[in-house]
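This is protein_16.txt (compact mmCIF, C-alpha atoms and all ligand atoms).
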# COMPACT_ATOMS: atom_id res chain seq x y z
CA MET A 1 201.52 -106.81 -110.45
CA ILE A 2 201.67 -103.05 -110.82
CA GLN A 3 198.50 -101.59 -112.35
CA SER A 4 197.92 -98.20 -113.96
CA PRO A 5 196.89 -95.62 -111.33
CA ARG A 6 193.23 -95.43 -110.32
CA GLY A 7 191.17 -93.43 -112.78
CA THR A 8 193.68 -93.81 -115.63
CA ARG A 9 193.57 -96.16 -118.61
CA ASP A 10 195.89 -97.84 -121.08
CA PHE A 11 194.81 -97.48 -124.68
CA LEU A 12 195.67 -100.56 -126.69
CA PRO A 13 196.20 -100.59 -130.46
CA ALA A 14 192.52 -101.13 -131.32
CA ASP A 15 191.52 -98.36 -128.87
CA MET A 16 194.07 -95.99 -130.34
CA GLU A 17 192.98 -96.66 -133.91
CA ARG A 18 189.42 -95.80 -132.92
CA ARG A 19 190.47 -92.75 -130.89
CA ARG A 20 192.71 -91.40 -133.65
CA PHE A 21 189.94 -91.83 -136.19
CA TYR A 22 187.47 -89.77 -134.14
CA GLU A 23 190.13 -87.24 -133.16
CA GLY A 24 190.71 -86.79 -136.90
CA VAL A 25 187.00 -86.09 -137.42
CA LEU A 26 187.06 -83.39 -134.72
CA ARG A 27 190.25 -81.88 -136.10
CA GLN A 28 188.69 -81.65 -139.57
CA VAL A 29 185.61 -79.85 -138.25
CA ALA A 30 187.76 -77.39 -136.29
CA GLN A 31 190.00 -76.64 -139.26
CA ARG A 32 187.05 -76.33 -141.63
CA SER A 33 185.71 -73.56 -139.41
CA GLY A 34 188.98 -71.65 -139.26
CA PHE A 35 190.41 -72.85 -135.93
CA ARG A 36 194.16 -73.56 -135.69
CA GLU A 37 195.76 -75.97 -133.24
CA ILE A 38 197.86 -75.08 -130.22
CA GLN A 39 199.57 -77.24 -127.62
CA THR A 40 200.37 -76.09 -124.08
CA PRO A 41 202.20 -77.87 -121.22
CA ILE A 42 200.50 -80.62 -119.28
CA PHE A 43 201.52 -78.92 -116.03
CA GLU A 44 201.34 -75.22 -115.23
CA GLU A 45 201.85 -72.87 -112.28
CA ALA A 46 199.12 -73.98 -109.86
CA GLU A 47 198.00 -70.35 -109.54
CA LEU A 48 196.71 -70.43 -113.10
CA PHE A 49 193.92 -72.76 -112.01
CA ILE A 50 193.45 -71.37 -108.51
CA LEU A 51 192.66 -67.82 -109.63
CA ARG A 52 189.26 -68.35 -111.20
CA SER A 53 188.31 -71.97 -111.63
CA GLY A 54 185.98 -72.20 -108.67
CA PRO A 55 185.61 -74.59 -105.75
CA ASN A 56 184.74 -77.68 -107.83
CA ILE A 57 187.99 -77.65 -109.74
CA LEU A 58 190.11 -76.65 -106.73
CA ASN A 59 189.05 -79.68 -104.73
CA GLU A 60 190.05 -81.90 -107.62
CA LEU A 61 193.38 -80.31 -108.51
CA TYR A 62 196.48 -82.48 -108.83
CA ALA A 63 198.80 -79.90 -107.27
CA PHE A 64 202.38 -80.54 -106.21
CA LYS A 65 205.71 -78.88 -105.49
CA ASP A 66 208.64 -79.53 -107.80
CA LYS A 67 212.25 -79.89 -106.66
CA GLY A 68 212.67 -76.12 -106.98
CA ASP A 69 209.80 -75.57 -104.52
CA ARG A 70 207.49 -74.24 -107.26
CA ASP A 71 203.76 -74.81 -106.88
CA LEU A 72 202.62 -76.64 -109.98
CA ALA A 73 199.49 -78.46 -111.04
CA LEU A 74 198.48 -80.91 -113.75
CA ARG A 75 195.98 -79.09 -115.93
CA PRO A 76 192.36 -79.87 -115.00
CA GLU A 77 191.18 -78.15 -118.18
CA MET A 78 192.70 -76.24 -121.07
CA THR A 79 190.97 -72.87 -121.24
CA ALA A 80 193.16 -71.19 -118.60
CA PRO A 81 196.36 -72.52 -120.29
CA ALA A 82 195.09 -71.38 -123.71
CA ILE A 83 194.43 -67.88 -122.40
CA ARG A 84 197.77 -67.78 -120.57
CA SER A 85 199.43 -68.68 -123.85
CA PHE A 86 197.41 -66.00 -125.62
CA VAL A 87 198.58 -63.37 -123.09
CA ASN A 88 202.21 -64.58 -123.41
CA ASN A 89 202.39 -65.11 -127.16
CA MET A 90 199.42 -63.95 -129.18
CA SER A 91 198.06 -60.76 -127.66
CA ASN A 92 199.14 -58.64 -130.63
CA ASP A 93 197.75 -60.98 -133.26
CA PRO A 94 194.72 -59.84 -135.29
CA LYS A 95 191.45 -60.62 -133.49
CA PRO A 96 189.50 -62.75 -133.25
CA ILE A 97 191.97 -65.54 -132.68
CA LYS A 98 190.47 -68.97 -133.28
CA ILE A 99 192.36 -71.85 -131.70
CA PHE A 100 191.70 -75.47 -130.85
CA TYR A 101 193.47 -78.07 -128.72
CA PHE A 102 193.37 -81.75 -127.88
CA GLY A 103 194.99 -83.41 -124.91
CA GLN A 104 194.69 -84.93 -121.48
CA CYS A 105 193.40 -83.22 -118.36
CA PHE A 106 193.56 -84.39 -114.77
CA ARG A 107 190.96 -84.15 -112.04
CA TYR A 108 191.00 -86.01 -108.74
CA GLU A 109 187.43 -87.26 -109.06
CA ARG A 110 185.81 -90.48 -107.92
CA PRO A 111 186.27 -92.71 -110.96
CA GLN A 112 183.26 -94.36 -112.55
CA SER A 113 182.04 -95.09 -116.06
CA GLY A 114 182.70 -91.94 -118.11
CA ARG A 115 184.54 -90.23 -115.27
CA TYR A 116 188.29 -90.57 -115.05
CA ARG A 117 191.21 -88.92 -113.30
CA GLU A 118 193.01 -88.64 -116.60
CA PHE A 119 190.70 -87.80 -119.49
CA PHE A 120 190.90 -86.07 -122.84
CA GLN A 121 189.33 -82.86 -124.02
CA PHE A 122 188.99 -81.52 -127.54
CA GLY A 123 188.30 -77.81 -127.21
CA ALA A 124 188.21 -74.56 -129.12
CA GLU A 125 188.32 -70.88 -128.15
CA ILE A 126 187.57 -67.67 -130.00
CA ILE A 127 189.56 -64.89 -128.36
CA GLY A 128 189.00 -61.18 -128.81
CA THR A 129 185.38 -60.66 -129.81
CA ALA A 130 182.33 -60.28 -127.61
CA THR A 131 179.42 -60.58 -130.03
CA PRO A 132 176.43 -62.87 -130.37
CA GLN A 133 177.98 -63.95 -133.69
CA THR A 134 181.04 -65.25 -131.78
CA ASP A 135 178.91 -67.19 -129.33
CA ALA A 136 176.82 -68.62 -132.17
CA GLU A 137 179.97 -69.64 -134.05
CA VAL A 138 181.25 -71.50 -130.99
CA ILE A 139 177.96 -73.32 -130.38
CA ALA A 140 177.67 -74.16 -134.09
CA THR A 141 181.19 -75.61 -134.11
CA ALA A 142 180.43 -77.77 -131.08
CA LEU A 143 177.17 -78.96 -132.67
CA GLU A 144 178.95 -79.69 -135.92
CA MET A 145 181.52 -81.81 -134.05
CA ILE A 146 178.86 -83.86 -132.32
CA LYS A 147 177.07 -84.40 -135.63
CA ALA A 148 180.25 -85.23 -137.55
CA LEU A 149 181.13 -87.92 -134.99
CA GLY A 150 177.77 -89.50 -135.76
CA LEU A 151 176.17 -89.31 -132.31
CA LYS A 152 172.45 -89.88 -132.78
CA GLU A 153 170.89 -88.83 -129.51
CA TYR A 154 171.97 -85.69 -127.72
CA ARG A 155 170.58 -82.57 -126.22
CA VAL A 156 172.06 -79.08 -126.14
CA ARG A 157 170.98 -76.39 -123.69
CA ILE A 158 172.09 -72.78 -123.72
CA GLY A 159 171.76 -70.30 -120.91
CA HIS A 160 173.23 -67.03 -119.74
CA ILE A 161 175.15 -66.90 -116.49
CA GLY A 162 174.89 -63.10 -116.51
CA ILE A 163 171.12 -63.32 -116.14
CA LEU A 164 171.47 -65.65 -113.17
CA ARG A 165 174.26 -63.66 -111.52
CA LYS A 166 172.20 -60.47 -111.86
CA ALA A 167 169.13 -62.14 -110.34
CA LEU A 168 171.17 -63.50 -107.42
CA SER A 169 172.89 -60.18 -106.88
CA ARG A 170 169.55 -58.33 -106.92
CA ALA A 171 168.21 -60.83 -104.37
CA GLY A 172 171.14 -59.96 -102.09
CA VAL A 173 173.85 -62.57 -102.72
CA PRO A 174 177.23 -60.77 -102.46
CA ALA A 175 179.92 -61.46 -105.08
CA ASP A 176 182.14 -63.46 -102.71
CA ARG A 177 179.31 -65.86 -101.84
CA MET A 178 178.17 -66.24 -105.47
CA PRO A 179 180.39 -69.25 -106.44
CA GLU A 180 179.07 -71.53 -103.69
CA VAL A 181 175.44 -70.68 -104.47
CA LEU A 182 176.02 -71.14 -108.20
CA GLN A 183 177.70 -74.46 -107.52
CA LYS A 184 174.55 -75.72 -105.81
CA LEU A 185 172.30 -74.34 -108.56
CA ASP A 186 174.53 -76.03 -111.15
CA LYS A 187 173.65 -79.36 -109.61
CA LYS A 188 170.00 -78.22 -109.06
CA LEU A 189 170.51 -78.85 -105.33
CA TYR A 190 167.89 -76.29 -104.25
CA ASP A 191 167.68 -77.66 -100.71
CA GLU A 192 171.36 -76.94 -100.27
CA ALA A 193 171.29 -73.61 -102.12
CA TRP A 194 168.47 -72.19 -99.98
CA PRO A 195 170.29 -72.15 -96.58
CA LEU A 196 173.24 -70.40 -98.24
CA MET A 197 170.90 -67.79 -99.70
CA GLU A 198 168.92 -67.40 -96.49
CA ASP A 199 172.20 -66.85 -94.68
CA VAL A 200 172.95 -63.74 -96.75
CA GLY A 201 169.40 -62.39 -96.34
CA VAL A 202 167.61 -63.56 -99.50
CA SER A 203 163.84 -63.83 -98.97
CA LYS A 204 162.08 -67.16 -99.61
CA ASP A 205 159.95 -65.58 -102.37
CA GLU A 206 162.97 -64.27 -104.20
CA ALA A 207 164.76 -67.60 -103.85
CA ASP A 208 161.72 -69.45 -105.22
CA LEU A 209 161.60 -67.12 -108.23
CA ILE A 210 165.24 -67.87 -108.96
CA PHE A 211 164.70 -71.62 -108.55
CA GLU A 212 161.74 -71.40 -110.93
CA MET A 213 163.88 -69.58 -113.46
CA THR A 214 166.70 -72.13 -113.34
CA ASP A 215 164.19 -74.95 -113.65
CA THR A 216 162.44 -73.74 -116.81
CA VAL A 217 163.71 -75.29 -120.02
CA GLY A 218 162.17 -74.82 -123.44
CA GLY A 219 162.15 -72.84 -126.66
CA ILE A 220 162.86 -69.19 -127.27
CA GLU A 221 159.69 -68.30 -125.28
CA VAL A 222 161.63 -69.01 -122.05
CA LEU A 223 163.39 -65.70 -122.64
CA GLU A 224 160.11 -63.80 -122.23
CA LYS A 225 160.44 -64.41 -118.49
CA VAL A 226 163.59 -62.34 -118.33
CA PRO A 227 163.35 -59.09 -120.22
CA GLY A 228 166.58 -57.17 -120.63
CA GLU A 229 169.60 -56.87 -122.86
CA GLU A 230 170.86 -60.36 -122.04
CA SER A 231 167.74 -62.06 -123.31
CA GLU A 232 167.86 -59.93 -126.47
CA TYR A 233 171.47 -61.09 -126.85
CA MET A 234 170.37 -64.71 -126.51
CA ARG A 235 167.71 -64.18 -129.19
CA GLN A 236 170.40 -62.95 -131.55
CA ILE A 237 172.56 -66.02 -130.87
CA VAL A 238 169.60 -68.23 -131.71
CA SER A 239 168.93 -66.34 -134.94
CA TYR A 240 172.56 -66.77 -136.09
CA LEU A 241 172.40 -70.47 -135.29
CA GLU A 242 169.20 -70.68 -137.31
CA ALA A 243 170.82 -68.88 -140.23
CA MET A 244 173.75 -71.31 -140.23
CA GLY A 245 171.38 -74.28 -140.16
CA ALA A 246 173.11 -75.44 -137.00
CA GLY A 247 169.96 -76.54 -135.17
CA ILE A 248 168.33 -74.77 -132.26
CA PRO A 249 169.33 -75.74 -128.73
CA ASP A 250 166.93 -75.56 -125.79
CA ILE A 251 167.01 -72.43 -123.69
CA ASP A 252 167.82 -73.30 -120.08
CA LEU A 253 168.62 -70.42 -117.76
CA GLY A 254 169.71 -72.96 -115.18
CA VAL A 255 172.91 -73.82 -117.05
CA VAL A 256 175.54 -72.75 -114.55
CA ARG A 257 178.66 -74.77 -115.46
CA GLY A 258 181.12 -76.19 -112.97
CA LEU A 259 183.82 -73.59 -113.65
CA ASP A 260 183.78 -70.12 -112.24
CA TYR A 261 185.07 -67.92 -115.04
CA TYR A 262 181.99 -67.64 -117.25
CA THR A 263 180.37 -64.23 -117.62
CA GLY A 264 177.77 -64.54 -120.40
CA MET A 265 176.34 -67.26 -122.61
CA VAL A 266 176.90 -70.77 -121.29
CA PHE A 267 175.99 -74.08 -122.89
CA GLU A 268 176.15 -77.81 -122.33
CA ALA A 269 175.47 -80.90 -124.39
CA GLU A 270 174.51 -84.24 -123.01
CA ALA A 271 174.07 -87.78 -124.34
CA PRO A 272 171.23 -89.50 -122.46
CA VAL A 273 172.65 -92.94 -123.36
CA LEU A 274 175.45 -92.27 -120.84
CA GLY A 275 173.26 -92.19 -117.73
CA ALA A 276 174.81 -90.38 -114.76
CA GLU A 277 177.92 -88.86 -116.38
CA LYS A 278 176.11 -87.69 -119.48
CA GLN A 279 177.63 -84.27 -120.12
CA ILE A 280 179.68 -84.57 -123.30
CA CYS A 281 180.47 -80.93 -123.97
CA GLY A 282 180.44 -77.63 -122.14
CA GLY A 283 181.42 -74.05 -122.79
CA GLY A 284 180.55 -70.40 -122.76
CA SER A 285 181.91 -66.87 -122.80
CA TYR A 286 184.34 -65.60 -120.20
CA THR A 287 187.23 -63.27 -119.47
CA LEU A 288 190.45 -64.60 -117.97
CA SER A 289 193.28 -62.69 -119.66
CA GLU A 290 193.23 -59.81 -117.15
CA LEU A 291 193.93 -62.30 -114.34
CA PHE A 292 197.05 -63.53 -116.12
CA GLY A 293 198.60 -60.10 -116.63
CA GLY A 294 197.02 -59.17 -119.96
CA GLU A 295 194.33 -56.71 -121.00
CA LYS A 296 190.74 -57.72 -120.46
CA VAL A 297 189.75 -59.64 -123.57
CA PHE A 298 186.43 -61.40 -124.11
CA SER A 299 186.48 -64.97 -125.30
CA THR A 300 184.09 -67.83 -125.93
CA GLY A 301 184.92 -71.50 -126.13
CA PHE A 302 183.96 -75.06 -125.38
CA ALA A 303 185.46 -78.46 -124.75
CA VAL A 304 184.17 -81.83 -125.82
CA GLY A 305 184.75 -84.63 -123.31
CA PHE A 306 186.45 -86.93 -125.80
CA ASP A 307 186.27 -90.12 -123.71
CA ARG A 308 182.63 -89.59 -122.89
CA ILE A 309 181.51 -88.89 -126.41
CA LEU A 310 183.37 -92.02 -127.57
CA LEU A 311 181.61 -94.00 -124.87
CA ALA A 312 178.26 -92.64 -126.07
CA LEU A 313 179.08 -93.59 -129.67
CA GLU A 314 180.00 -97.08 -128.56
CA LYS A 315 176.76 -97.45 -126.62
CA GLU A 316 174.83 -96.33 -129.70
CA GLY A 317 176.58 -99.06 -131.70
CA SER A 318 178.37 -96.60 -133.94
CA THR A 319 181.14 -98.10 -136.07
CA TYR A 320 184.13 -96.58 -137.83
CA PRO A 321 186.15 -97.75 -140.84
CA ILE A 322 188.92 -100.05 -139.68
CA LYS A 323 192.11 -99.72 -141.70
CA LYS A 324 193.45 -103.17 -142.54
CA MET A 325 197.01 -104.13 -143.36
CA ASP A 326 197.34 -104.42 -147.16
CA ALA A 327 199.80 -107.27 -147.39
CA TYR A 328 201.58 -109.85 -145.28
CA VAL A 329 204.71 -111.30 -146.86
CA ILE A 330 205.67 -114.92 -146.20
CA ALA A 331 208.84 -116.67 -147.34
CA VAL A 332 208.11 -120.29 -148.23
CA SER A 333 211.56 -121.38 -147.06
CA GLY A 334 214.73 -119.96 -145.56
CA GLU A 335 216.20 -119.51 -149.03
CA THR A 336 213.64 -116.90 -150.02
CA THR A 337 213.62 -114.90 -146.75
CA LEU A 338 216.00 -112.27 -148.09
CA LYS A 339 213.89 -111.80 -151.22
CA ALA A 340 210.76 -111.54 -149.02
CA PHE A 341 212.42 -108.66 -147.13
CA GLU A 342 213.27 -107.01 -150.43
CA ILE A 343 209.61 -107.24 -151.44
CA VAL A 344 208.27 -105.87 -148.14
CA GLY A 345 210.65 -102.92 -148.50
CA MET A 346 209.43 -102.28 -152.04
CA LEU A 347 205.74 -102.40 -151.02
CA ARG A 348 206.28 -99.96 -148.16
CA ARG A 349 208.16 -97.55 -150.43
CA ASP A 350 205.14 -97.75 -152.74
CA SER A 351 202.96 -96.63 -149.77
CA ILE A 352 201.36 -100.02 -149.33
CA SER A 353 201.09 -101.13 -145.73
CA ALA A 354 202.97 -104.39 -145.46
CA ASP A 355 204.17 -106.68 -142.71
CA ILE A 356 206.41 -109.71 -142.76
CA ASP A 357 206.97 -112.88 -140.77
CA LEU A 358 209.79 -112.29 -138.27
CA ALA A 359 209.71 -115.62 -136.49
CA ASP A 360 210.83 -118.11 -139.19
CA ARG A 361 207.38 -119.63 -139.02
CA LYS A 362 206.21 -122.48 -141.21
CA MET A 363 203.82 -121.57 -144.00
CA ALA A 364 200.59 -122.69 -142.26
CA LYS A 365 201.38 -120.80 -139.03
CA ALA A 366 202.45 -117.67 -140.90
CA MET A 367 199.19 -117.81 -142.88
CA LYS A 368 197.20 -118.08 -139.67
CA HIS A 369 199.03 -115.05 -138.28
CA ALA A 370 198.27 -113.09 -141.47
CA SER A 371 194.57 -113.77 -141.09
CA SER A 372 194.65 -112.95 -137.36
CA ILE A 373 196.04 -109.47 -138.09
CA GLY A 374 193.38 -109.07 -140.81
CA SER A 375 195.74 -108.55 -143.73
CA ARG A 376 193.90 -108.12 -147.07
CA PHE A 377 196.52 -110.02 -149.07
CA VAL A 378 199.29 -112.51 -148.46
CA VAL A 379 202.36 -112.44 -150.67
CA ILE A 380 203.92 -115.91 -150.85
CA VAL A 381 207.57 -115.84 -151.83
CA GLY A 382 208.72 -119.22 -153.15
CA SER A 383 211.73 -120.21 -155.30
CA GLU A 384 209.66 -121.55 -158.21
CA ASP A 385 207.81 -118.25 -158.69
CA LEU A 386 210.98 -116.27 -158.06
CA ALA A 387 212.65 -118.02 -161.00
CA LYS A 388 210.05 -116.16 -163.14
CA ASN A 389 210.48 -112.88 -161.16
CA SER A 390 207.05 -113.55 -159.67
CA VAL A 391 205.30 -114.25 -156.37
CA THR A 392 201.92 -115.75 -155.43
CA LEU A 393 199.34 -113.23 -154.31
CA ARG A 394 196.49 -114.54 -152.18
CA ASP A 395 193.34 -112.52 -151.63
CA MET A 396 192.46 -113.33 -148.03
CA SER A 397 188.76 -112.55 -148.34
CA SER A 398 188.06 -114.73 -151.40
CA GLY A 399 190.91 -117.21 -150.96
CA GLU A 400 191.84 -116.76 -154.64
CA GLN A 401 195.49 -117.01 -155.56
CA LYS A 402 197.36 -115.85 -158.64
CA ILE A 403 200.93 -115.48 -159.80
CA VAL A 404 201.97 -111.85 -160.18
CA LYS A 405 205.19 -110.34 -161.53
CA ILE A 406 207.09 -108.56 -158.72
CA SER A 407 207.17 -105.45 -160.87
CA ASP A 408 203.34 -105.47 -161.03
CA LEU A 409 202.75 -106.41 -157.38
CA SER A 410 202.21 -102.92 -155.93
CA ALA A 411 199.81 -101.95 -158.73
CA GLU A 412 197.91 -105.21 -158.34
CA ILE A 413 197.45 -104.73 -154.58
CA ARG A 414 196.54 -101.09 -155.04
CA ALA A 415 193.91 -101.98 -157.64
CA HIS A 416 191.88 -103.85 -155.01
P1 LIG B 1 184.09 -78.82 -118.32
O1 LIG B 1 182.60 -78.89 -118.47
O2 LIG B 1 184.64 -78.82 -116.97
O3 LIG B 1 184.55 -77.54 -119.12
O4 LIG B 1 184.73 -80.02 -119.14
C1 LIG B 1 184.40 -80.25 -120.50
C2 LIG B 1 184.00 -81.69 -120.71
O5 LIG B 1 185.05 -82.55 -120.26
C3 LIG B 1 182.80 -82.13 -119.90
O6 LIG B 1 181.61 -81.79 -120.56
C4 LIG B 1 182.98 -83.63 -119.84
O7 LIG B 1 182.46 -84.24 -121.01
C5 LIG B 1 184.48 -83.78 -119.85
N1 LIG B 1 184.96 -84.15 -118.51
C6 LIG B 1 185.09 -83.36 -117.43
N2 LIG B 1 185.57 -84.05 -116.38
C7 LIG B 1 185.77 -85.31 -116.80
C8 LIG B 1 186.24 -86.54 -116.20
N3 LIG B 1 186.66 -86.56 -114.94
N4 LIG B 1 186.29 -87.66 -116.95
C9 LIG B 1 185.89 -87.64 -118.24
N5 LIG B 1 185.43 -86.54 -118.87
C10 LIG B 1 185.36 -85.39 -118.17
C11 LIG B 1 185.85 -77.16 -119.29
O8 LIG B 1 186.79 -77.84 -118.96
C12 LIG B 1 186.02 -75.81 -119.97
N6 LIG B 1 187.45 -75.54 -120.10
C13 LIG B 1 185.31 -75.77 -121.31
C14 LIG B 1 185.47 -74.46 -121.97
C15 LIG B 1 186.31 -74.15 -122.97
N7 LIG B 1 184.84 -73.34 -121.65
C16 LIG B 1 185.28 -72.34 -122.42
N8 LIG B 1 186.16 -72.81 -123.21
Please express the file's structure as structure tokens.
Amino acid sequence: MIQSPRGTRDFLPADMERRRFYEGVLRQVAQRSGFREIQTPIFEEAELFILRSGPNILNELYAFKDKGDRDLALRPEMTAPAIRSFVNNMSNDPKPIKIFYFGQCFRYERPQSGRYREFFQFGAEIIGTATPQTDAEVIATALEMIKALGLKEYRVRIGHIGILRKALSRAGVPADRMPEVLQKLDKKLYDEAWPLMEDVGVSKDEADLIFEMTDTVGGIEVLEKVPGEESEYMRQIVSYLEAMGAGIPDIDLGVVRGLDYYTGMVFEAEAPVLGAEKQICGGGSYTLSELFGGEKVFSTGFAVGFDRILLALEKEGSTYPIKKMDAYVIAVSGETTLKAFEIVGMLRRDSISADIDLADRKMAKAMKHASSIGSRFVVIVGSEDLAKNSVTLRDMSSGEQKIVKISDLSAEIRAH
């Protein structure tokens, strides 16, 4: 039997109903805050992701040649495509441009719970402003999404990659060696970061100071350790978040992020209920447009790991409203089948969700099927009732039955 490829999943009807419900919640939050949706291709020129995504993403890239010998790649994330599209199509639009997107991304990772090779991101970007207000707006939108989904337990940390880059640069790490050191710090692998730093001449004392900085997490007081314009900038972000009533994230100067393009504020959210793969959202400010042939434009954005946040909601026992079928129409005998089809057509035109027996089933079996699909009502179409232009309407939750005129049927179902 052929299975779906490793790290991919099939989503069955019940999965899709749940996923679409939560996707709708995210879409509402995005639109309420002035973001508008875009869609970009699932594959792009491989170069788009090679230019500035960093070693983590490169190792995991699904890259291939097409029949025209072009180097292409399945998108591992959607920020680079969004900015490419901005450079191609939106660069003259009034700034800031606020966009959001939802779709699948591909990374050749080792699959495990919450980590897939095909997964979905819901993300948003604000393009064209470089202010603490912009960064606060992005963090607030992400927080609002997490809250609107109903996740109970989560933690958000914000940092500033500029502070860390400056400290590393001052300690002697050259720009071309920065990504590999940052990659180790991202995972808090100090034992592996140190030899890399020692190699480029960083002293042990300086390295320890940096490790201490990336290890300190707390309130706004953490910023006292790093005087300078960046920490003042962070204070302003926090004050805007406070003003919006968005909640105050922890300050963690060790937030590095797995991608290489960030330049300023960076943030991550995690759901402890998930265990190892607990990061549910990540983002920050960056510039990419100049790499793709545009002017240098500052942007800030984030992406929610849709599959992971849904997993966290499930683990927390969160439920969502299940939409049931309104009516299931059953013809008592072959003679009334045509009339039953007429009725199902009428109900659907009246915007009532209705299904009908397609298998010439006997009454009892058809009834059983109606209850298995969770229909709220069953419409029984028999010749006796039809003689009076009526049908029998059965309420499946109470078991009550009554005779209803066909002309009143839609109103009757709608009233319940
Ligand atoms: P990222 O942190 O690489 O950031 O991915 C965002 C989220 O996608 C992660 O927090 C995680 O929840 C989810 N995710 C990543 N890899 C997987 C996987 N293999 N399986 C399931 N979920 C996964 C970005 O991609 C940036 N583009 C975010 C951004 C937007 N920064 C600025 N704008």
Write as an MDAnalysis selection string the residues around ligand LIG 1 (chain B), taking 9 Å as the cut-off and counting all atoms listed in the file.
chainID A and resid 7 57 76:80 105:126 257:259 261:262 266:270 277:286 299:309
Please provide as a VMD selection string all residues within 8 Å of Ile210 of chain A, with the sequence filter that same-chain residues fewer than 4 positions apart are discarded (counting all atoms listed in the file).
chain A and resid 164 167 to 168 206 214
Distance in Å - atom CA of Ser371 of chain A versus atom CA of Ser397 of chain A
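Between atom CA of Ser371 of chain A and atom CA of Ser397 of chain A the gap is 9.4 Å.
Across the structure, atom CA of Ala246 of chain A and atom CA of Ala136 of chain A are spaced 9.1 Å apart.
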Residue with the minimum atom-to-atom distance to Ala175 of chain A, picked from A:Glu144, A:Glu137, A:Asp260, A:Glu232 with all atoms listed in the file counted, is A:Asp260
Mind listing as a compact mmCIF listing (two decimals) with C-alpha atoms, in the coordinates of the input all residues within 9 Å of (195.9, -100.9, -137.5), counting all atoms listed in the file?
# COMPACT_ATOMS: atom_id res chain seq x y z
CA PRO A 13 196.20 -100.59 -130.46
CA ALA A 14 192.52 -101.13 -131.32
CA MET A 16 194.07 -95.99 -130.34
CA GLU A 17 192.98 -96.66 -133.91
CA ILE A 322 188.92 -100.05 -139.68
CA LYS A 323 192.11 -99.72 -141.70
CA LYS A 324 193.45 -103.17 -142.54
CA MET A 325 197.01 -104.13 -143.36
CA ILE A 373 196.04 -109.47 -138.09
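Across the structure, atom CA of Glu45 of chain A and atom CA of Asn59 of chain A are spaced 16.3 Å apart.
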Give me the residues near Ser203 of chain A as a PyMOL selection string, where near means some atom within 12 Å (using only C-alpha atoms) and where sequence neighbours in that chain fewer than 3 positions away do not count.
chain A and resi 168+170-173+194-200+206-210
Would you mind telling me which residue in A:Gly228, A:Gly201, A:Pro41, A:Gly317 lies nearest to Arg75 of chain A when using only C-alpha atoms?
A:Pro41
Pick out the closest residue to Glu192 of chain A from this set: A:Glu180, A:Val329, A:Glu153, A:Pro5. Count all atoms listed in the file.
A:Glu180
Tell me which protein, DNA and RNA residues are within 10 Å of Arg70 of chain A, counting all atoms listed in the file, leaving out same-chain ones fewer than 4 positions away, and put them as number ranges by chain.
A: 45-46, 64-66
At a cut-off of 12 Å from (199.5, -99.9, -155.8) in the coordinates of the file, what residues are picked up using all atoms listed in the file, written as a short mmCIF file (atom, residue, chain, number, x, y, z; two decimals) with C-alpha atoms, in the coordinates of the input?
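Everything below was put into result_13.cif:
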data_model
loop_
_atom_site.label_atom_id
_atom_site.label_comp_id
_atom_site.auth_asym_id
_atom_site.auth_seq_id
_atom_site.Cartn_x
_atom_site.Cartn_y
_atom_site.Cartn_z
CA ASP A 326 197.34 -104.42 -147.16
CA ALA A 327 199.80 -107.27 -147.39
CA MET A 346 209.43 -102.28 -152.04
CA LEU A 347 205.74 -102.40 -151.02
CA ARG A 348 206.28 -99.96 -148.16
CA ARG A 349 208.16 -97.55 -150.43
CA ASP A 350 205.14 -97.75 -152.74
CA SER A 351 202.96 -96.63 -149.77
CA ILE A 352 201.36 -100.02 -149.33
CA SER A 353 201.09 -101.13 -145.73
CA ALA A 354 202.97 -104.39 -145.46
CA ILE A 406 207.09 -108.56 -158.72
CA SER A 407 207.17 -105.45 -160.87
CA ASP A 408 203.34 -105.47 -161.03
CA LEU A 409 202.75 -106.41 -157.38
CA SER A 410 202.21 -102.92 -155.93
CA ALA A 411 199.81 -101.95 -158.73
CA GLU A 412 197.91 -105.21 -158.34
CA ILE A 413 197.45 -104.73 -154.58
CA ARG A 414 196.54 -101.09 -155.04
CA ALA A 415 193.91 -101.98 -157.64
CA HIS A 416 191.88 -103.85 -155.01
#
Which residues come within 12 Å of Val226 of chain A, counting all atoms listed in the file, excluding same-chain residues fewer than 6 positions away, as a list in words?
Gly159, His160, Gly162, Ile163, Leu164, Lys166, Ala167, Leu209, Ile210, Glu212, Met213, Thr214, Thr216, Ile220, Glu232, Tyr233, Met234, Arg235, Ile251, Asp252 and Leu253 of chain A
Residue neighbourhood Gly24 of chain A, 12 Å, all atoms listed in the file, exclusion window fewer than 5 positions, as an NGL selection string:
:A and (16-19 or 29-31 or 102 or 122 or 145 or 148-149 or 306 or 320)
For Gln39 of chain A, which of A:Thr287, A:Ser169, A:Asn56, A:Ser85 is the closest residue, counting all atoms listed in the file?
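Among A:Thr287, A:Ser169, A:Asn56, A:Ser85, it is A:Ser85 that comes nearest to Gln39 of chain A.
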